[in-house]
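Undergrad: query27.cif is reproduced below (mmCIF, C-alpha atoms).
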```
data_final
#
loop_
_atom_site.group_PDB
_atom_site.id
_atom_site.type_symbol
_atom_site.label_atom_id
_atom_site.label_comp_id
_atom_site.auth_asym_id
_atom_site.auth_seq_id
_atom_site.Cartn_x
_atom_site.Cartn_y
_atom_site.Cartn_z
ATOM 1 C CA MET L 1 0.000 0.000 0.000
ATOM 2 C CA LEU L 2 2.033 2.938 -1.308
ATOM 3 C CA LEU L 3 -0.366 4.907 -3.479
ATOM 4 C CA LEU L 4 -4.098 4.562 -4.090
ATOM 5 C CA LYS L 5 -6.053 6.601 -6.626
ATOM 6 C CA LEU L 6 -9.282 6.869 -8.602
ATOM 7 C CA GLY L 7 -9.992 3.610 -10.423
ATOM 8 C CA ASP L 8 -8.063 1.348 -8.055
ATOM 9 C CA SER L 9 -9.771 -1.537 -6.295
ATOM 10 C CA GLY L 10 -9.066 -4.280 -3.793
ATOM 11 C CA THR L 11 -8.501 -4.848 -0.095
ATOM 12 C CA ASP L 12 -6.133 -1.878 0.220
ATOM 13 C CA VAL L 13 -8.879 0.449 -1.041
ATOM 14 C CA LYS L 14 -11.320 -1.154 1.406
ATOM 15 C CA GLN L 15 -8.883 -0.451 4.265
ATOM 16 C CA LEU L 16 -8.543 3.131 3.050
ATOM 17 C CA GLN L 17 -12.318 3.563 2.992
ATOM 18 C CA ASP L 18 -12.674 2.100 6.484
ATOM 19 C CA ALA L 19 -9.965 4.448 7.786
ATOM 20 C CA LEU L 20 -11.612 7.468 6.160
ATOM 21 C CA LYS L 21 -14.958 6.517 7.677
ATOM 22 C CA GLN L 22 -13.357 6.151 11.105
ATOM 23 C CA ALA L 23 -11.776 9.584 10.690
ATOM 24 C CA GLN L 24 -15.271 11.020 10.011
ATOM 25 C CA PHE L 25 -14.713 11.508 6.275
ATOM 26 C CA ASP L 26 -17.386 9.292 4.738
ATOM 27 C CA PRO L 27 -16.380 7.780 1.367
ATOM 28 C CA GLY L 28 -19.726 6.034 0.951
ATOM 29 C CA THR L 29 -20.087 2.268 0.944
ATOM 30 C CA PRO L 30 -16.688 0.685 1.749
ATOM 31 C CA ASP L 31 -16.756 -1.663 -1.235
ATOM 32 C CA GLY L 32 -13.076 -1.686 -2.190
ATOM 33 C CA GLN L 33 -13.710 0.460 -5.271
ATOM 34 C CA PHE L 34 -11.871 3.818 -5.412
ATOM 35 C CA GLY L 35 -14.607 5.920 -6.957
ATOM 36 C CA PRO L 36 -15.561 9.625 -6.871
ATOM 37 C CA GLY L 37 -16.938 9.341 -3.334
ATOM 38 C CA THR L 38 -13.673 7.968 -2.010
ATOM 39 C CA GLU L 39 -11.693 10.578 -3.939
ATOM 40 C CA ALA L 40 -13.811 13.381 -2.461
ATOM 41 C CA ALA L 41 -13.342 11.968 1.055
ATOM 42 C CA VAL L 42 -9.567 11.738 0.530
ATOM 43 C CA LYS L 43 -9.435 15.355 -0.662
ATOM 44 C CA ALA L 44 -11.442 16.547 2.348
ATOM 45 C CA PHE L 45 -9.175 14.609 4.720
ATOM 46 C CA GLN L 46 -6.059 15.994 3.039
ATOM 47 C CA LYS L 47 -7.338 19.557 3.386
ATOM 48 C CA SER L 48 -8.029 19.011 7.073
ATOM 49 C CA GLU L 49 -4.478 17.743 7.605
ATOM 50 C CA GLY L 50 -2.749 20.487 5.614
ATOM 51 C CA LEU L 51 -1.765 18.097 2.818
ATOM 52 C CA GLU L 52 -1.941 18.701 -0.917
ATOM 53 C CA PRO L 53 -5.625 17.938 -1.701
ATOM 54 C CA ASP L 54 -5.026 15.946 -4.877
ATOM 55 C CA GLY L 55 -7.347 13.055 -4.027
ATOM 56 C CA VAL L 56 -4.513 10.541 -4.271
ATOM 57 C CA ALA L 57 -3.794 8.548 -1.121
ATOM 58 C CA GLY L 58 0.001 8.530 -1.103
ATOM 59 C CA PRO L 59 2.454 7.870 1.746
ATOM 60 C CA ARG L 60 1.734 11.078 3.659
ATOM 61 C CA THR L 61 -2.052 10.618 3.499
ATOM 62 C CA LEU L 62 -1.822 6.935 4.393
ATOM 63 C CA THR L 63 0.479 7.749 7.302
ATOM 64 C CA LYS L 64 -1.942 10.365 8.629
ATOM 65 C CA LEU L 65 -4.719 7.761 8.440
ATOM 66 C CA GLY L 66 -2.585 5.269 10.365
ATOM 67 C CA LEU L 67 -2.411 2.816 7.480
ATOM 68 C CA VAL L 68 1.386 2.912 7.140
ATOM 69 C CA PRO L 69 3.895 3.569 9.926
ATOM 70 C CA ALA L 70 5.430 6.994 10.198
ATOM 71 C CA VAL L 71 9.082 7.178 9.197
ATOM 72 C CA ALA L 72 11.437 8.652 11.763
ATOM 73 C CA PRO L 73 12.681 12.072 10.636
ATOM 74 C CA LEU L 74 16.209 12.299 9.349
ATOM 75 C CA PRO L 75 18.695 14.271 11.457
ATOM 76 C CA SER L 76 18.681 17.994 10.754
ATOM 77 C CA ILE L 77 21.832 19.837 9.692
ATOM 78 C CA ALA L 78 20.141 23.237 9.483
ATOM 79 C CA ASN L 79 21.940 24.605 12.534
ATOM 80 C CA GLN L 80 25.289 23.548 11.074
ATOM 81 C CA VAL L 81 24.970 25.404 7.762
ATOM 82 C CA GLN L 82 27.194 28.474 7.864
ATOM 83 C CA VAL L 83 27.149 31.584 5.694
ATOM 84 C CA ALA L 84 30.806 31.047 4.754
ATOM 85 C CA THR L 85 29.957 27.593 3.433
ATOM 86 C CA VAL L 86 27.002 28.753 1.349
ATOM 87 C CA VAL L 87 29.076 31.591 -0.112
ATOM 88 C CA LYS L 88 31.276 28.916 -1.713
ATOM 89 C CA MET L 89 28.175 27.327 -3.261
ATOM 90 C CA PHE L 90 26.919 30.623 -4.745
ATOM 91 C CA PRO L 91 29.673 32.177 -6.889
ATOM 92 C CA GLY L 92 28.843 35.787 -7.609
ATOM 93 C CA ALA L 93 26.225 36.178 -4.875
ATOM 94 C CA ALA L 94 26.773 39.004 -2.396
ATOM 95 C CA ILE L 95 27.713 37.781 1.058
ATOM 96 C CA GLY L 96 25.273 40.319 2.516
ATOM 97 C CA SER L 97 22.371 38.682 0.687
ATOM 98 C CA ILE L 98 23.309 35.269 2.016
ATOM 99 C CA LYS L 99 23.666 36.650 5.561
ATOM 100 C CA THR L 100 20.226 38.230 5.307
ATOM 101 C CA HIS L 101 18.249 35.405 3.755
ATOM 102 C CA LEU L 102 19.947 32.137 4.749
ATOM 103 C CA PRO L 103 18.615 32.130 8.359
ATOM 104 C CA ASN L 104 15.039 32.523 7.100
ATOM 105 C CA VAL L 105 15.478 29.696 4.600
ATOM 106 C CA LEU L 106 16.934 27.347 7.211
ATOM 107 C CA ASP L 107 14.211 28.233 9.723
ATOM 108 C CA ALA L 108 11.456 27.538 7.186
ATOM 109 C CA LEU L 109 13.016 24.217 6.190
ATOM 110 C CA SER L 110 13.295 23.164 9.828
ATOM 111 C CA VAL L 111 9.664 24.029 10.572
ATOM 112 C CA ALA L 112 8.584 21.998 7.525
ATOM 113 C CA GLY L 113 10.649 18.995 8.626
ATOM 114 C CA LEU L 114 13.080 19.443 5.741
ATOM 115 C CA GLY L 115 16.254 20.254 7.656
ATOM 116 C CA ASP L 116 18.121 17.098 6.671
ATOM 117 C CA ARG L 117 21.082 17.155 4.297
ATOM 118 C CA VAL L 118 19.246 16.070 1.132
ATOM 119 C CA MET L 119 16.485 18.643 1.452
ATOM 120 C CA VAL L 120 18.790 21.467 2.540
ATOM 121 C CA LEU L 121 20.939 20.809 -0.523
ATOM 122 C CA THR L 122 17.809 20.650 -2.683
ATOM 123 C CA ALA L 123 16.614 23.988 -1.309
ATOM 124 C CA LEU L 124 19.963 25.661 -1.908
ATOM 125 C CA GLY L 125 20.203 24.166 -5.381
ATOM 126 C CA THR L 126 16.701 25.419 -6.156
ATOM 127 C CA ILE L 127 17.567 28.938 -5.009
ATOM 128 C CA ARG L 128 20.715 28.926 -7.134
ATOM 129 C CA ALA L 129 18.746 27.761 -10.175
ATOM 130 C CA GLU L 130 15.957 30.316 -9.701
ATOM 131 C CA THR L 131 17.790 33.343 -8.257
ATOM 132 C CA ALA L 132 21.550 33.067 -8.401
ATOM 133 C CA GLY L 133 22.036 36.068 -6.133
ATOM 134 C CA PHE L 134 20.327 34.408 -3.132
ATOM 135 C CA VAL L 135 17.644 37.106 -3.128
ATOM 136 C CA PRO L 136 13.877 36.607 -3.604
ATOM 137 C CA ILE L 137 13.147 38.327 -6.907
ATOM 138 C CA SER L 138 10.384 38.956 -9.423
ATOM 139 C CA GLU L 139 10.432 37.282 -12.822
ATOM 140 C CA PHE L 140 12.027 39.277 -15.622
ATOM 141 C CA ILE L 141 10.196 40.160 -18.837
ATOM 142 C CA SER L 142 11.189 37.797 -21.637
ATOM 143 C CA VAL L 143 9.933 36.306 -24.901
ATOM 144 C CA PHE L 144 8.497 33.449 -22.813
ATOM 145 C CA ASN L 145 6.063 35.665 -20.913
ATOM 146 C CA THR L 146 5.543 38.793 -23.032
ATOM 147 C CA SER L 147 4.511 39.081 -26.683
ATOM 148 C CA PRO L 148 6.400 41.481 -29.009
ATOM 149 C CA ASN L 149 3.720 44.187 -28.860
ATOM 150 C CA GLY L 150 2.030 43.217 -25.636
ATOM 151 C CA HIS L 151 1.989 44.565 -22.116
ATOM 152 C CA PRO L 152 4.313 42.904 -19.552
ATOM 153 C CA PHE L 153 3.487 39.239 -18.915
ATOM 154 C CA ASP L 154 0.506 39.271 -21.304
ATOM 155 C CA LEU L 155 1.278 35.678 -22.332
ATOM 156 C CA TYR L 156 0.410 34.628 -18.784
ATOM 157 C CA ASP L 157 -2.900 36.512 -18.566
ATOM 158 C CA ASN L 158 -5.101 33.685 -19.830
ATOM 159 C CA ARG L 159 -3.029 30.644 -18.873
ATOM 160 C CA LYS L 160 -5.669 28.253 -17.520
ATOM 161 C CA ASP L 161 -2.974 25.900 -16.233
ATOM 162 C CA LEU L 162 -1.835 28.729 -13.937
ATOM 163 C CA GLY L 163 -5.367 29.540 -12.852
ATOM 164 C CA ASN L 164 -5.150 32.993 -14.426
ATOM 165 C CA THR L 165 -8.397 34.597 -15.592
ATOM 166 C CA GLY L 166 -7.242 37.488 -17.808
ATOM 167 C CA VAL L 167 -5.697 40.915 -17.384
ATOM 168 C CA PRO L 168 -3.962 41.727 -15.042
ATOM 169 C CA ASP L 169 -3.321 38.220 -13.715
ATOM 170 C CA GLY L 170 -0.204 37.697 -15.822
ATOM 171 C CA ASP L 171 1.677 40.585 -14.265
ATOM 172 C CA ARG L 172 -0.003 40.321 -10.859
ATOM 173 C CA TYR L 173 0.920 36.663 -10.414
ATOM 174 C CA LYS L 174 4.257 36.580 -12.242
ATOM 175 C CA GLY L 175 7.084 34.530 -10.789
ATOM 176 C CA ARG L 176 8.337 35.709 -7.398
ATOM 177 C CA GLY L 177 10.459 34.583 -4.500
ATOM 178 C CA PHE L 178 13.196 32.004 -4.144
ATOM 179 C CA VAL L 179 11.253 29.416 -6.138
ATOM 180 C CA GLN L 180 9.491 31.753 -8.617
ATOM 181 C CA LEU L 181 5.922 31.040 -7.572
ATOM 182 C CA THR L 182 3.772 31.723 -10.654
ATOM 183 C CA GLY L 183 0.040 31.931 -11.378
ATOM 184 C CA ARG L 184 -3.105 32.774 -9.425
ATOM 185 C CA ALA L 185 -3.783 29.114 -8.585
ATOM 186 C CA ASN L 186 -0.348 28.622 -7.064
ATOM 187 C CA TYR L 187 -0.534 31.876 -5.104
ATOM 188 C CA HIS L 188 -3.870 30.677 -3.697
ATOM 189 C CA ARG L 189 -2.714 27.120 -2.967
ATOM 190 C CA ILE L 190 0.661 27.874 -1.407
ATOM 191 C CA GLY L 191 -0.692 30.948 0.375
ATOM 192 C CA GLY L 192 -3.243 28.736 2.071
ATOM 193 C CA GLN L 193 -0.562 26.301 3.123
ATOM 194 C CA ILE L 194 1.594 28.947 4.789
ATOM 195 C CA GLY L 195 -1.226 31.100 6.148
ATOM 196 C CA GLN L 196 -0.635 34.129 3.933
ATOM 197 C CA ASP L 197 -3.114 35.872 1.610
ATOM 198 C CA LEU L 198 -0.858 35.874 -1.422
ATOM 199 C CA VAL L 199 -3.754 36.303 -3.859
ATOM 200 C CA ASN L 200 -4.534 39.781 -2.531
ATOM 201 C CA ASN L 201 -0.943 40.552 -1.538
ATOM 202 C CA PRO L 202 1.233 38.916 -4.215
ATOM 203 C CA ASP L 203 4.284 41.078 -3.435
ATOM 204 C CA LEU L 204 4.549 39.272 -0.090
ATOM 205 C CA ALA L 205 6.121 36.435 -2.071
ATOM 206 C CA ASN L 206 9.305 38.536 -2.227
ATOM 207 C CA ASP L 207 9.427 39.129 1.528
ATOM 208 C CA SER L 208 12.393 37.137 2.816
ATOM 209 C CA LYS L 209 10.546 35.150 5.495
ATOM 210 C CA VAL L 210 7.484 34.546 3.342
ATOM 211 C CA ALA L 211 9.625 33.589 0.338
ATOM 212 C CA ALA L 212 11.427 31.056 2.531
ATOM 213 C CA GLN L 213 8.098 29.601 3.701
ATOM 214 C CA ILE L 214 6.914 29.363 0.095
ATOM 215 C CA LEU L 215 10.100 27.533 -0.875
ATOM 216 C CA ALA L 216 9.689 25.082 2.000
ATOM 217 C CA ALA L 217 6.011 24.470 1.158
ATOM 218 C CA CYS L 218 6.777 23.848 -2.519
ATOM 219 C CA LEU L 219 9.513 21.356 -1.615
ATOM 220 C CA LYS L 220 7.321 19.664 0.992
ATOM 221 C CA ASN L 221 4.600 19.111 -1.594
ATOM 222 C CA VAL L 222 6.974 17.080 -3.777
ATOM 223 C CA GLU L 223 9.272 15.779 -1.033
ATOM 224 C CA ILE L 224 8.746 12.114 -1.875
ATOM 225 C CA GLU L 225 9.454 12.671 -5.570
ATOM 226 C CA ILE L 226 12.619 14.630 -4.744
ATOM 227 C CA ARG L 227 13.963 12.045 -2.311
ATOM 228 C CA SER L 228 13.175 9.203 -4.700
ATOM 229 C CA ALA L 229 14.969 10.911 -7.592
ATOM 230 C CA LEU L 230 18.033 11.926 -5.598
ATOM 231 C CA SER L 231 18.385 8.467 -4.075
ATOM 232 C CA ILE L 232 19.471 7.337 -7.556
ATOM 233 C CA ARG L 233 21.249 10.618 -8.420
ATOM 234 C CA ASP L 234 18.544 11.576 -10.917
ATOM 235 C CA PHE L 235 19.034 15.328 -10.669
ATOM 236 C CA ALA L 236 16.870 16.051 -13.715
ATOM 237 C CA SER L 237 13.810 14.415 -12.160
ATOM 238 C CA ALA L 238 14.425 16.148 -8.835
ATOM 239 C CA ARG L 239 14.606 19.511 -10.591
ATOM 240 C CA ARG L 240 11.538 18.714 -12.683
ATOM 241 C CA ALA L 241 9.556 17.868 -9.539
ATOM 242 C CA VAL L 242 10.088 21.443 -8.337
ATOM 243 C CA ASN L 243 10.203 23.467 -11.542
ATOM 244 C CA GLY L 244 8.244 21.339 -13.982
ATOM 245 C CA GLY L 245 11.129 21.438 -16.447
ATOM 246 C CA SER L 246 14.898 21.631 -16.752
ATOM 247 C CA HIS L 247 15.442 25.388 -16.329
ATOM 248 C CA GLY L 248 18.541 25.964 -14.194
ATOM 249 C CA LEU L 249 19.378 22.270 -14.060
ATOM 250 C CA GLN L 250 23.153 22.674 -14.288
ATOM 251 C CA ALA L 251 23.167 25.340 -11.569
ATOM 252 C CA PHE L 252 21.085 23.013 -9.412
ATOM 253 C CA ILE L 253 23.503 20.125 -9.955
ATOM 254 C CA ASP L 254 26.601 22.247 -9.353
ATOM 255 C CA THR L 255 25.223 23.620 -6.099
ATOM 256 C CA TYR L 256 24.008 20.260 -4.837
ATOM 257 C CA GLN L 257 27.287 18.502 -5.578
ATOM 258 C CA SER L 258 29.475 21.272 -4.182
ATOM 259 C CA GLY L 259 27.300 21.261 -1.068
ATOM 260 C CA GLU L 260 27.806 17.530 -0.624
ATOM 261 C CA ALA L 261 31.511 18.173 -0.238
ATOM 262 C CA LEU L 262 31.053 21.188 2.035
ATOM 263 C CA LEU L 263 28.137 20.325 4.315
ATOM 264 C CA PRO L 264 28.323 17.678 7.070
#
```
What does the file become when written as structure tokens?
TA:
Amino acid sequence: MLLLKLGDSGTDVKQLQDALKQAQFDPGTPDGQFGPGTEAAVKAFQKSEGLEPDGVAGPRTLTKLGLVPAVAPLPSIANQVQVATVVKMFPGAAIGSIKTHLPNVLDALSVAGLGDRVMVLTALGTIRAETAGFVPISEFISVFNTSPNGHPFDLYDNRKDLGNTGVPDGDRYKGRGFVQLTGRANYHRIGGQIGQDLVNNPDLANDSKVAAQILAACLKNVEIEIRSALSIRDFASARRAVNGGSHGLQAFIDTYQSGEALLP
């Protein structure tokens, strides 16, 4: 029992349904068929537990339901990461920026249970790939987001996959922060996870502490995928889990590997 989703069937699904019912999230008749009722109950349970409400019963959801044992957290190295060390991992970044923002990043990772070596290196690699200067920044205008004769970020205005609904959503919900959070839907989803109204206050995503919380939340949402990929040194898949593509991949790899030699 590692992952159960719509369309699955069998005794594992029946156990899931029984556990949901016991937790007061009624999936309907516990018949061992993962149908819409079970999916809706899983989503409701996930929302109540602060998990990504995707309707898929993966390891975190199953653990919360008591169907798989919780894994002991890995030892944290967050309090051992020094500014001088990170400076070596970020060539060209101002030491002042690292001094300012590193403590917030490490605090956010620790609170999210991501203070172990793999996830700290992933976070630093992500920052290097997204904002080489170790500063939360707004996305720059480019041919990828702005048409030749259009207003800034007009190519994002009507992107349904980003949850945008027209002008001025493209510019309002452009990429921001350490992880370049983009799109109305993501501002709403991640804002809810960290307790910030990012939809009505999108510039908060560039506040150092909030940007660090956003980074931690984004990594937490794909933690299993990241750990699985990096366990076999599949850096491309780890980067894709966070970014959705290969942008900044080499910077991510360079930072991760240099950090392996520098961090305990």
Undergrad: So, with all atoms listed in the file as the atoms that count, which of L:Gln15, L:Asn221, L:Ser147, L:Asn201 lies closest to Arg172 in chain L?
TA: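 Checking each of L:Gln15, L:Asn221, L:Ser147, L:Asn201 against Arg172 in chain L, counting all atoms listed in the file, the winner is L:Asn201.
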Undergrad: Counting all atoms listed in the file, what is within 7 Å of range 205-214 of chain L, bar same-chain residues fewer than 3 positions away, as a PDB file with C-alpha atoms, in the frame of the given file?
TA:
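The resulting out22.pdb:
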```
ATOM      1  CA  HIS L 101      18.249  35.405   3.755  1.00  0.00           C
ATOM      2  CA  ASN L 104      15.039  32.523   7.100  1.00  0.00           C
ATOM      3  CA  VAL L 105      15.478  29.696   4.600  1.00  0.00           C
ATOM      4  CA  ALA L 108      11.456  27.538   7.186  1.00  0.00           C
ATOM      5  CA  PRO L 136      13.877  36.607  -3.604  1.00  0.00           C
ATOM      6  CA  ILE L 137      13.147  38.327  -6.907  1.00  0.00           C
ATOM      7  CA  ARG L 176       8.337  35.709  -7.398  1.00  0.00           C
ATOM      8  CA  GLY L 177      10.459  34.583  -4.500  1.00  0.00           C
ATOM      9  CA  PHE L 178      13.196  32.004  -4.144  1.00  0.00           C
ATOM     10  CA  ILE L 190       0.661  27.874  -1.407  1.00  0.00           C
ATOM     11  CA  ILE L 194       1.594  28.947   4.789  1.00  0.00           C
ATOM     12  CA  PRO L 202       1.233  38.916  -4.215  1.00  0.00           C
ATOM     13  CA  ALA L 217       6.011  24.470   1.158  1.00  0.00           C
ATOM     14  CA  CYS L 218       6.777  23.848  -2.519  1.00  0.00           C
TER      15      CYS L 218
END
```
Undergrad: Can you spell out as a PyMOL selection string the set of residues that the PyMOL selection byres ((chain L and resi 123) around 10) selects in the structure I just provided?
TA: chain L and resi 105-106+109+114-115+117-122+124-129+178-179+212+215-216+218-219+242+252+255-256
Undergrad: At what distance in Å, to one decimal, does CA of Asp54 in chain L lie from CA of Gly170 in chain L?
TA: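 Separating CA of Gly170 in chain L from CA of Asp54 in chain L is a distance of 24.8 Å.
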Undergrad: Expand the PyMOL selection byres ((chain L and resi 92) around 8) into the explicit residue set it covers here, and present it as number ranges by chain.
TA: L: 90-91, 93-94, 132-133
Undergrad: So, counting only C-alpha atoms, which residue among L:Leu62, L:Val135, L:Asp171, L:Pro264 is closest to Gly96 in chain L?
TA: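 Answer, going by the shortest atom-to-atom distance: L:Val135.
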Undergrad: So which residues touch range 151-163 of chain L within 7 Å, counting all atoms listed in the file, skipping near sequence neighbours fewer than 5 positions away, as a VMD selection string?
TA: chain L and resid 141 145 to 146 168 to 171 183 to 185
Undergrad: What lies within 7 Å of Asp31 in chain L using all atoms listed in the file, ignoring chain neighbours under 2 positions off, as a short mmCIF file (atom, residue, chain, number, x, y, z; two decimals) with C-alpha atoms, in the coordinates of the input?
TA:
```cif
data_model
loop_
_atom_site.label_atom_id
_atom_site.label_comp_id
_atom_site.auth_asym_id
_atom_site.auth_seq_id
_atom_site.Cartn_x
_atom_site.Cartn_y
_atom_site.Cartn_z
CA LYS L 14 -11.32 -1.15 1.41
CA THR L 29 -20.09 2.27 0.94
CA GLN L 33 -13.71 0.46 -5.27
#
```
Undergrad: Which is closest to Ala41 in chain L among L:Thr11, L:Gln17, L:Gln193, L:Thr182, if we use all atoms listed in the file?
TA: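 Among the listed residues, the smallest separation from Ala41 in chain L belongs to L:Gln17.
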Undergrad: Which value, in Å to one decimal, gives the distance between CA of Gly28 in chain L and CA of Ala40 in chain L?
TA: 10.0 Å
Undergrad: Let me make sure I understand: among L:Thr63, L:Ser142, L:Ser76, L:Ser231, which one has the smallest atom-to-atom distance to Leu16 in chain L if we use all atoms listed in the file?
TA: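 For Leu16 in chain L, the nearest of the candidates is L:Thr63.
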Undergrad: Can you list, as an NGL selection string, every protein, DNA or RNA residue that comes within 7 Å of Gly175 in chain L when you count all atoms listed in the file, leaving out same-chain residues fewer than 4 positions away?
TA: :L and (138-139 or 180-182)
Undergrad: Work out how far apart CA of Val87 in chain L and CA of Pro73 in chain L are and give it in Å to one decimal.
TA: 27.7 Å
Undergrad: Provide an axis-aligned box for all listed atoms of range 19-25 of chain L, padding each side by 5 Å; report its centre and its edge lengths in Å to one decimal, as AutoDock Vina command-line options.
TA:
```
--center_x -12.6 --center_y 8.0 --center_z 8.6 --size_x 15.3 --size_y 17.1 --size_z 14.9
```
Undergrad: So, with all atoms listed in the file as the atoms that count, which of L:Thr85, L:Thr131, L:Ser48, L:Gln80 lies closest to Asp116 in chain L?
TA: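 Using all atoms listed in the file, Asp116 in chain L sits closest to L:Gln80.
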Undergrad: Find the residue from L:Leu4, L:Glu223, L:Gly150, L:Lys174 that sits nearest to Val199 in chain L; use only C-alpha atoms when measuring.
TA: L:Lys174
Undergrad: Identify, on the basis of all atoms listed in the file, every residue whose closest approach to Ala241 in chain L does not exceed 12 Å; exclude the query and any residue fewer than 5 positions from it along the same chain; express the result as a ChimeraX atom specification.
TA: /L:122,126,218-230,234-236,246-247,249
